[in-house]
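Chemist: Contents of target.cif (mmCIF, C-alpha atoms and all ligand atoms) are below:
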```
data_data
#
loop_
_atom_site.label_atom_id
_atom_site.label_comp_id
_atom_site.auth_asym_id
_atom_site.auth_seq_id
_atom_site.Cartn_x
_atom_site.Cartn_y
_atom_site.Cartn_z
CA MET A 1 61.47 -21.68 41.22
CA THR A 2 64.14 -20.41 43.66
CA SER A 3 66.63 -22.95 42.36
CA ALA A 4 65.82 -21.95 38.77
CA VAL A 5 66.47 -18.29 39.65
CA SER A 6 69.73 -19.05 41.47
CA LYS A 7 70.82 -21.28 38.57
CA ALA A 8 70.14 -18.42 36.13
CA THR A 9 71.99 -15.96 38.40
CA ARG A 10 74.96 -18.36 38.66
CA LYS A 11 75.01 -18.73 34.87
CA GLN A 12 74.87 -14.94 34.45
CA GLY A 13 77.66 -14.52 37.01
CA LYS A 14 79.84 -16.96 35.07
CA GLY A 15 79.10 -14.99 31.89
CA ILE A 16 80.35 -11.81 33.56
CA TRP A 17 83.73 -13.39 34.38
CA GLU A 18 84.03 -14.71 30.86
CA ARG A 19 83.28 -11.29 29.39
CA ALA A 20 85.60 -9.56 31.87
CA PHE A 21 88.76 -11.50 30.94
CA PRO A 22 90.05 -9.35 28.02
CA HIS A 23 89.32 -6.14 29.96
CA ALA A 24 91.07 -7.40 33.08
CA ALA A 25 94.06 -8.55 30.99
CA ALA A 26 94.47 -5.00 29.67
CA TRP A 27 93.49 -2.88 32.69
CA LEU A 28 95.28 -4.73 35.50
CA PRO A 29 98.75 -4.04 33.98
CA ALA A 30 97.67 -0.39 33.48
CA LEU A 31 96.75 -0.11 37.16
CA TRP A 32 100.03 -1.75 38.14
CA LEU A 33 102.03 0.63 35.96
CA LEU A 34 100.20 3.64 37.39
CA TRP A 35 100.87 2.46 40.92
CA ALA A 36 104.54 1.63 40.20
CA TRP A 37 105.08 5.03 38.53
CA TYR A 38 103.73 6.98 41.50
CA ALA A 39 105.25 4.68 44.11
CA GLY A 40 108.67 5.03 42.48
CA ALA A 41 108.86 1.26 42.05
CA LEU A 42 110.15 1.35 38.47
CA GLY A 43 113.84 1.56 39.35
CA VAL A 44 116.46 4.15 38.48
CA ASN A 45 115.17 4.74 34.95
CA PRO A 46 111.36 4.76 35.26
CA ILE A 47 110.77 6.05 31.72
CA GLN A 48 112.75 3.22 30.18
CA ALA A 49 111.08 0.70 32.52
CA ALA A 50 107.62 2.01 31.58
CA THR A 51 108.47 1.96 27.85
CA ARG A 52 109.63 -1.64 28.14
CA PHE A 53 106.66 -2.70 30.27
CA SER A 54 104.16 -1.16 27.83
CA GLY A 55 105.91 -2.88 24.89
CA ARG A 56 105.78 -6.27 26.63
CA THR A 57 102.11 -5.78 27.56
CA ALA A 58 101.21 -4.88 23.94
CA LEU A 59 102.99 -8.03 22.75
CA THR A 60 101.36 -10.22 25.42
CA LEU A 61 97.87 -8.98 24.50
CA LEU A 62 98.62 -9.52 20.82
CA LEU A 63 99.67 -13.12 21.49
CA LEU A 64 96.64 -13.68 23.73
CA SER A 65 94.42 -12.47 20.90
CA LEU A 66 96.21 -14.84 18.50
CA ALA A 67 95.78 -17.70 20.99
CA CYS A 68 91.97 -17.53 20.96
CA THR A 69 91.37 -19.47 17.73
CA PRO A 70 93.90 -22.26 18.49
CA PHE A 71 92.38 -22.52 21.98
CA HIS A 72 88.95 -22.89 20.40
CA ILE A 73 90.27 -25.55 18.01
CA LEU A 74 91.69 -27.52 20.94
CA SER A 75 88.87 -27.03 23.44
CA GLY A 76 85.79 -26.39 21.32
CA TRP A 77 84.89 -23.56 23.73
CA ASN A 78 83.07 -20.96 21.60
CA LYS A 79 83.12 -18.04 24.04
CA VAL A 80 86.87 -17.57 23.60
CA LEU A 81 86.33 -16.39 20.01
CA SER A 82 84.63 -13.23 21.27
CA TRP A 83 87.85 -12.28 23.09
CA ARG A 84 89.87 -11.86 19.88
CA ARG A 85 88.64 -8.38 18.98
CA PRO A 86 88.91 -6.70 22.42
CA LEU A 87 92.33 -8.29 23.02
CA GLY A 88 93.54 -7.10 19.60
CA LEU A 89 92.20 -3.58 20.22
CA TYR A 90 93.83 -3.46 23.66
CA ALA A 91 97.13 -4.66 22.12
CA PHE A 92 96.93 -1.67 19.76
CA ALA A 93 96.04 0.71 22.63
CA TRP A 94 99.05 -0.50 24.65
CA ALA A 95 101.28 -0.13 21.57
CA VAL A 96 100.08 3.50 21.27
CA GLY A 97 100.85 3.99 24.98
CA HIS A 98 104.31 2.46 24.36
CA LEU A 99 104.92 4.90 21.50
CA LEU A 100 103.75 7.81 23.67
CA PHE A 101 106.20 6.83 26.43
CA PHE A 102 108.97 6.77 23.83
CA ALA A 103 108.13 9.91 21.81
CA GLY A 104 106.27 11.91 24.47
CA VAL A 105 107.71 11.13 27.90
CA ASP A 106 111.25 10.18 26.84
CA TYR A 107 111.77 12.72 24.00
CA GLY A 108 109.14 15.30 25.09
CA PHE A 109 107.86 15.29 21.47
CA ASP A 110 111.11 16.94 20.40
CA TRP A 111 110.73 16.01 16.72
CA GLY A 112 114.24 17.24 15.83
CA SER A 113 116.01 14.87 18.27
CA LEU A 114 113.54 12.13 17.45
CA ARG A 115 114.33 12.39 13.72
CA LEU A 116 118.07 12.28 14.41
CA ASP A 117 117.86 9.33 16.82
CA VAL A 118 115.30 7.28 14.93
CA GLY A 119 117.67 7.20 11.93
CA THR A 120 120.22 5.34 14.05
CA LYS A 121 117.69 2.90 15.55
CA PRO A 122 116.39 0.47 12.92
CA TYR A 123 114.28 -1.33 15.54
CA VAL A 124 112.12 1.80 15.70
CA TRP A 125 111.31 1.33 11.99
CA VAL A 126 110.24 -2.26 12.64
CA GLY A 127 108.12 -1.05 15.58
CA SER A 128 106.56 1.62 13.35
CA VAL A 129 105.55 -0.93 10.69
CA THR A 130 104.10 -3.15 13.43
CA ILE A 131 102.04 -0.37 14.97
CA SER A 132 100.82 0.70 11.49
CA ILE A 133 99.56 -2.84 10.84
CA LEU A 134 97.83 -2.90 14.24
CA ALA A 135 96.25 0.49 13.47
CA ALA A 136 94.87 -0.77 10.13
CA LEU A 137 93.47 -3.87 11.84
CA ALA A 138 91.94 -1.88 14.71
CA LEU A 139 90.35 0.57 12.29
CA THR A 140 88.76 -2.17 10.18
CA SER A 141 87.78 -4.49 13.04
CA SER A 142 84.09 -3.55 13.11
CA ARG A 143 81.26 -5.52 11.50
CA TRP A 144 80.70 -2.60 9.16
CA TRP A 145 84.21 -2.96 7.72
CA MET A 146 83.88 -6.73 7.67
CA ALA A 147 80.75 -6.43 5.47
CA ARG A 148 82.28 -3.70 3.33
CA LEU A 149 85.54 -5.52 2.62
CA GLY A 150 84.01 -8.99 2.20
CA LYS A 151 86.67 -11.61 1.40
CA ARG A 152 89.41 -8.97 1.48
CA TRP A 153 88.71 -8.46 5.23
CA LYS A 154 89.95 -11.95 6.04
CA ARG A 155 93.07 -11.47 3.92
CA LEU A 156 93.78 -8.10 5.55
CA HIS A 157 93.33 -9.48 9.05
CA ARG A 158 95.81 -12.28 8.39
CA LEU A 159 98.39 -9.48 8.72
CA VAL A 160 98.01 -9.92 12.46
CA TYR A 161 100.51 -12.81 12.22
CA LEU A 162 102.98 -10.54 10.45
CA ALA A 163 102.44 -7.99 13.24
CA GLY A 164 103.26 -10.69 15.81
CA ILE A 165 106.44 -11.71 13.96
CA LEU A 166 107.56 -8.09 13.46
CA ALA A 167 106.92 -7.28 17.13
CA LEU A 168 109.25 -10.14 18.02
CA VAL A 169 111.92 -8.94 15.56
CA HIS A 170 111.61 -5.50 17.22
CA TYR A 171 111.97 -7.15 20.65
CA PHE A 172 115.10 -9.15 19.70
CA TRP A 173 116.63 -6.04 18.17
CA VAL A 174 115.95 -3.98 21.29
CA VAL A 175 117.39 -6.42 23.82
CA LYS A 176 120.69 -6.56 21.90
CA GLY A 177 121.42 -10.14 22.90
CA ASN A 178 123.38 -12.55 20.78
CA PHE A 179 120.64 -14.64 19.24
CA LEU A 180 122.94 -17.24 17.61
CA GLY A 181 125.21 -17.50 20.64
CA LEU A 182 122.13 -17.68 22.91
CA SER A 183 123.65 -15.05 25.18
CA GLY A 184 122.37 -11.74 26.55
CA SER A 185 118.80 -11.03 27.65
CA ILE A 186 117.11 -13.19 25.06
CA GLY A 187 115.28 -15.57 27.46
CA LEU A 188 111.97 -13.71 27.43
CA PRO A 189 111.94 -12.91 23.69
CA LEU A 190 112.72 -16.59 23.03
CA ALA A 191 109.80 -17.63 25.26
CA TYR A 192 107.46 -15.27 23.35
CA SER A 193 108.78 -16.68 20.04
CA ALA A 194 108.12 -20.24 21.22
CA VAL A 195 104.52 -19.30 22.08
CA LEU A 196 103.99 -17.60 18.70
CA SER A 197 105.50 -20.62 16.86
CA VAL A 198 103.09 -23.01 18.62
CA LEU A 199 100.13 -20.73 17.81
CA LEU A 200 101.12 -20.50 14.14
CA PHE A 201 101.66 -24.28 13.99
CA LEU A 202 98.18 -24.94 15.40
CA ARG A 203 96.69 -22.71 12.69
CA LEU A 204 98.07 -24.83 9.83
CA PRO A 205 95.10 -26.42 7.99
CA PRO A 206 96.42 -30.06 8.26
CA VAL A 207 97.03 -29.58 12.00
CA ARG A 208 93.56 -28.06 12.47
CA ARG A 209 92.01 -31.00 10.61
CA ALA A 210 93.98 -33.54 12.68
CA VAL A 211 92.96 -31.88 15.97
CA ARG A 212 89.32 -31.76 14.90
CA LYS A 213 89.44 -35.45 13.91
CA ARG A 214 90.96 -36.42 17.26
CA ARG A 215 88.28 -34.50 19.10
CA GLY A 216 85.71 -36.33 16.98
CA ARG A 217 83.75 -33.13 16.48
CA LYS A 218 81.72 -31.73 13.65
CA PRO A 219 83.45 -29.10 11.44
CA LEU A 220 83.92 -25.85 13.30
CA GLY A 221 81.21 -23.21 13.09
CA ARG A 222 80.88 -20.12 10.93
CA SER A 223 82.49 -17.85 13.51
CA LEU A 224 85.76 -19.76 13.32
CA ARG A 225 85.75 -20.06 9.54
CA ALA A 226 85.52 -16.27 9.41
CA SER A 227 88.70 -16.00 11.47
C1 LIG A 301 106.52 3.34 16.48
C2 LIG A 301 106.45 2.25 17.16
C3 LIG A 301 107.40 1.83 18.25
C4 LIG A 301 108.46 2.48 18.82
C5 LIG A 301 108.99 3.87 18.50
C6 LIG A 301 109.01 1.62 19.83
C7 LIG A 301 110.08 1.93 20.64
C8 LIG A 301 110.66 1.09 21.56
C9 LIG A 301 111.81 1.39 22.34
C10 LIG A 301 112.59 2.70 22.30
C11 LIG A 301 112.08 0.32 23.10
C12 LIG A 301 113.27 0.11 24.02
C13 LIG A 301 113.19 0.69 25.35
C14 LIG A 301 114.57 0.55 25.97
O1 LIG A 301 115.01 -0.57 26.19
O2 LIG A 301 115.17 1.58 26.18
C15 LIG A 301 111.08 -0.69 22.80
C16 LIG A 301 111.02 -1.93 23.37
C17 LIG A 301 110.04 -2.85 23.12
N1 LIG A 301 108.95 -2.70 22.29
FE1 LIG A 301 108.63 -1.14 21.08
N2 LIG A 301 108.29 0.47 19.86
C18 LIG A 301 107.29 0.54 18.92
C19 LIG A 301 106.32 -0.39 18.64
C20 LIG A 301 106.15 -1.56 19.33
C21 LIG A 301 105.06 -2.48 19.13
C22 LIG A 301 103.92 -2.27 18.13
C23 LIG A 301 105.25 -3.53 20.00
C24 LIG A 301 104.42 -4.76 20.25
C25 LIG A 301 103.25 -5.02 19.76
C26 LIG A 301 106.46 -3.26 20.75
C27 LIG A 301 107.01 -4.08 21.70
C28 LIG A 301 108.19 -3.84 22.36
C29 LIG A 301 108.80 -4.77 23.28
C30 LIG A 301 108.27 -6.15 23.63
C31 LIG A 301 109.98 -4.16 23.75
C32 LIG A 301 111.01 -4.74 24.68
C33 LIG A 301 110.65 -4.61 26.12
C34 LIG A 301 111.76 -5.15 27.00
O3 LIG A 301 112.93 -4.81 26.79
O4 LIG A 301 111.43 -5.89 27.92
N3 LIG A 301 106.98 -2.06 20.31
N4 LIG A 301 110.23 -0.18 21.86
#
```
Please go through the file and, once you have read it, give me the structure as structure tokens.

Modeler:
Amino acid sequence: MTSAVSKATRKQGKGIWERAFPHAAAWLPALWLLWAWYAGALGVNPIQAATRFSGRTALTLLLLSLACTPFHILSGWNKVLSWRRPLGLYAFAWAVGHLLFFAGVDYGFDWGSLRLDVGTKPYVWVGSVTISILAALALTSSRWWMARLGKRWKRLHRLVYLAGILALVHYFWVVKGNFLGLSGSIGLPLAYSAVLSVLLFLRLPPVRRAVRKRRGRKPLGRSLRAS
């Protein structure tokens, strides 16, 4: 009896850690940023550092959300599929925070200067399209919208890949490196691009089929087919 109870408690404890992952992935960087801001650990230009950090965190969470399905294909671990929605929503929340650092903290919501400057910064337009896609996906991420949109929901939510690609275009544009000459600060954006390329490759139907065959498993469940 005691061992059955402790086994159940252990199982429940494991479940808590599994559920906590997406929340920890989003809140730990927030706590770090808060600490660094107040401790003056963000360098000589804290606003720029915070804008950059929030942009990178939004992109990281977006890629983590995109990694869930390929991870499930490779490992067969079902629980990871439930991380997609919270990670995607947190990616959107961080993108909103990123925009607020840019428009609110940096420009003090001075719409006149913003309008003038944004015209000369095409990467802001790419960022705006990306955040609009994330907003549409966040808004329609509930079961209610899934039922309401039917087959169109799946098509709409495929835009998440476009959001990932556009976020990377935005990143390359911002860092102003020489992409073809492989010079400048393009190391990190290149690493993010490599990760996204692998994730997209693993989503290709022939690759999915080959992985499934190698694992010698039955076809994947309903939850994955809905993704
Ligand atoms: C209206 C939307 C957006 C605006 C106005 C915007 C603005 C900016 C600005 C001004 C910077 C450069 C900061 C600097 O170096 O001085 C930046 C960098 C960046 N943004 Fe955005 N952004 C937007 C949307 C997004 C979205 C949706 C993502 C990702 C999902 C994103 C990811 C990044 C990344 C990764 C960087 C580079 C960080 C680094 O240099 O390490 N941005 N953004």

Chemist: Compute the set of protein, DNA and RNA residues whose minimum atom distance to ligand LIG 301 (chain A) is at most 9 Å, using all atoms listed in the file, and state it as a VMD selection string.

Modeler: chain A and resid 47 to 62 91 to 92 94 to 96 98 to 103 106 118 121 123 to 134 163 to 164 166 to 168 170 to 175 185 188 to 189

Chemist: Could you give me, as a ChimeraX atom specification, the residues within 12 Å of A:Gly216, counting all atoms listed in the file and dropping anything in the same chain fewer than 5 positions from it?

Modeler: /A:73-76,209-211

Chemist: Of the candidates A:Glu18, A:Trp83, A:Tyr90, A:Leu137, which shows the shortest atom-to-atom distance to A:Ala30, using only C-alpha atoms?

Modeler: A:Tyr90

Chemist: Please determine, counting only C-alpha atoms, which residue among A:Leu89, A:Ala194, A:Leu116, A:Val105 has the shortest atom-to-atom distance to A:Ser142.

Modeler: A:Leu89

Chemist: At what distance in Å, to one decimal, does atom CA of A:Ala67 lie from atom CA of A:Ala26?

Modeler: 15.4 Å

Chemist: What is the distance, in Å and to one decimal place, between atom CA of A:Leu63 and atom CA of A:Val195?

Modeler: 7.9 Å

Chemist: Could you tell me how far atom CA of A:Trp145 lies from atom CA of A:Ser197, in Å and to one decimal?

Modeler: 29.1 Å

Chemist: Quick one: of A:Leu196, A:Ile16, A:Leu28, A:Leu202, who's nearest to A:Pro70, counting all atoms listed in the file?

Modeler: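 Under the stated criterion, the closest residue is A:Leu202.
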
Chemist: Counting only C-alpha atoms, figure out which residue out of A:Arg115, A:Gly104, A:Phe109, A:Ala25 gets nearest to A:Gly88.

Modeler: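 Distance minimum relative to A:Gly88 lands on A:Ala25.
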
Chemist: Could you list, as a PyMOL selection string, every residue within 12 Å of A:His72, counting only C-alpha atoms and ignoring same-chain residues fewer than 2 positions away?

Modeler: chain A and resi 65-70+74-84+199+202-203+208+211-212+215+220-221+223-225+227

Chemist: Keeping N, CA and C atoms (and nothing else), can you write stretch 52-81 of chain A of this structure as a compact mmCIF listing (two decimals), in the first residue's frame?

Modeler:
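Final output, part24.txt:
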```
# COMPACT_ATOMS: atom_id res chain seq x y z
N ARG A 52 17.15 43.30 -27.62
CA ARG A 52 17.76 42.14 -28.29
C ARG A 52 17.46 40.84 -27.55
N PHE A 53 17.59 40.90 -26.22
CA PHE A 53 17.35 39.69 -25.42
C PHE A 53 15.92 39.19 -25.60
N SER A 54 14.95 40.14 -25.57
CA SER A 54 13.55 39.73 -25.70
C SER A 54 13.28 39.15 -27.09
N GLY A 55 13.95 39.71 -28.12
CA GLY A 55 13.78 39.18 -29.49
C GLY A 55 14.32 37.76 -29.58
N ARG A 56 15.51 37.55 -28.99
CA ARG A 56 16.12 36.20 -29.04
C ARG A 56 15.27 35.20 -28.26
N THR A 57 14.71 35.64 -27.11
CA THR A 57 13.89 34.72 -26.32
C THR A 57 12.62 34.34 -27.09
N ALA A 58 11.99 35.35 -27.75
CA ALA A 58 10.78 35.05 -28.55
C ALA A 58 11.12 34.01 -29.62
N LEU A 59 12.25 34.21 -30.29
CA LEU A 59 12.65 33.28 -31.36
C LEU A 59 12.95 31.89 -30.80
N THR A 60 13.63 31.84 -29.65
CA THR A 60 13.97 30.55 -29.05
C THR A 60 12.71 29.77 -28.69
N LEU A 61 11.73 30.48 -28.09
CA LEU A 61 10.49 29.81 -27.70
C LEU A 61 9.71 29.34 -28.93
N LEU A 62 9.78 30.15 -29.99
CA LEU A 62 9.09 29.76 -31.23
C LEU A 62 9.72 28.47 -31.79
N LEU A 63 11.05 28.42 -31.78
CA LEU A 63 11.72 27.22 -32.30
C LEU A 63 11.47 26.02 -31.39
N LEU A 64 11.42 26.26 -30.08
CA LEU A 64 11.13 25.16 -29.15
C LEU A 64 9.74 24.60 -29.43
N SER A 65 8.80 25.52 -29.71
CA SER A 65 7.43 25.07 -30.00
C SER A 65 7.41 24.26 -31.30
N LEU A 66 8.21 24.71 -32.28
CA LEU A 66 8.28 23.98 -33.56
C LEU A 66 9.02 22.64 -33.42
N ALA A 67 9.82 22.52 -32.36
CA ALA A 67 10.62 21.30 -32.19
C ALA A 67 9.80 20.15 -31.59
N CYS A 68 8.63 20.49 -31.01
CA CYS A 68 7.86 19.47 -30.28
C CYS A 68 7.44 18.29 -31.18
N THR A 69 6.86 18.61 -32.34
CA THR A 69 6.38 17.53 -33.21
C THR A 69 7.54 16.67 -33.73
N PRO A 70 8.63 17.28 -34.28
CA PRO A 70 9.76 16.44 -34.69
C PRO A 70 10.30 15.59 -33.54
N PHE A 71 10.33 16.17 -32.33
CA PHE A 71 10.82 15.40 -31.17
C PHE A 71 9.91 14.20 -30.91
N HIS A 72 8.62 14.43 -31.08
CA HIS A 72 7.67 13.32 -30.89
C HIS A 72 7.86 12.26 -31.97
N ILE A 73 8.10 12.71 -33.20
CA ILE A 73 8.31 11.74 -34.29
C ILE A 73 9.53 10.87 -33.98
N LEU A 74 10.58 11.52 -33.47
CA LEU A 74 11.83 10.77 -33.21
C LEU A 74 11.74 9.90 -31.96
N SER A 75 11.06 10.42 -30.92
CA SER A 75 11.10 9.71 -29.64
C SER A 75 9.83 8.92 -29.33
N GLY A 76 8.73 9.34 -29.95
CA GLY A 76 7.45 8.69 -29.65
C GLY A 76 6.86 9.15 -28.32
N TRP A 77 7.50 10.14 -27.67
CA TRP A 77 7.04 10.62 -26.37
C TRP A 77 5.87 11.59 -26.57
N ASN A 78 4.66 11.17 -26.12
CA ASN A 78 3.44 11.93 -26.41
C ASN A 78 3.34 13.26 -25.67
N LYS A 79 3.85 13.26 -24.44
CA LYS A 79 3.68 14.43 -23.56
C LYS A 79 4.18 15.73 -24.22
N VAL A 80 5.23 15.59 -25.04
CA VAL A 80 5.85 16.78 -25.62
C VAL A 80 4.86 17.56 -26.52
N LEU A 81 3.85 16.86 -27.05
CA LEU A 81 2.89 17.54 -27.93
C LEU A 81 2.08 18.60 -27.18
```
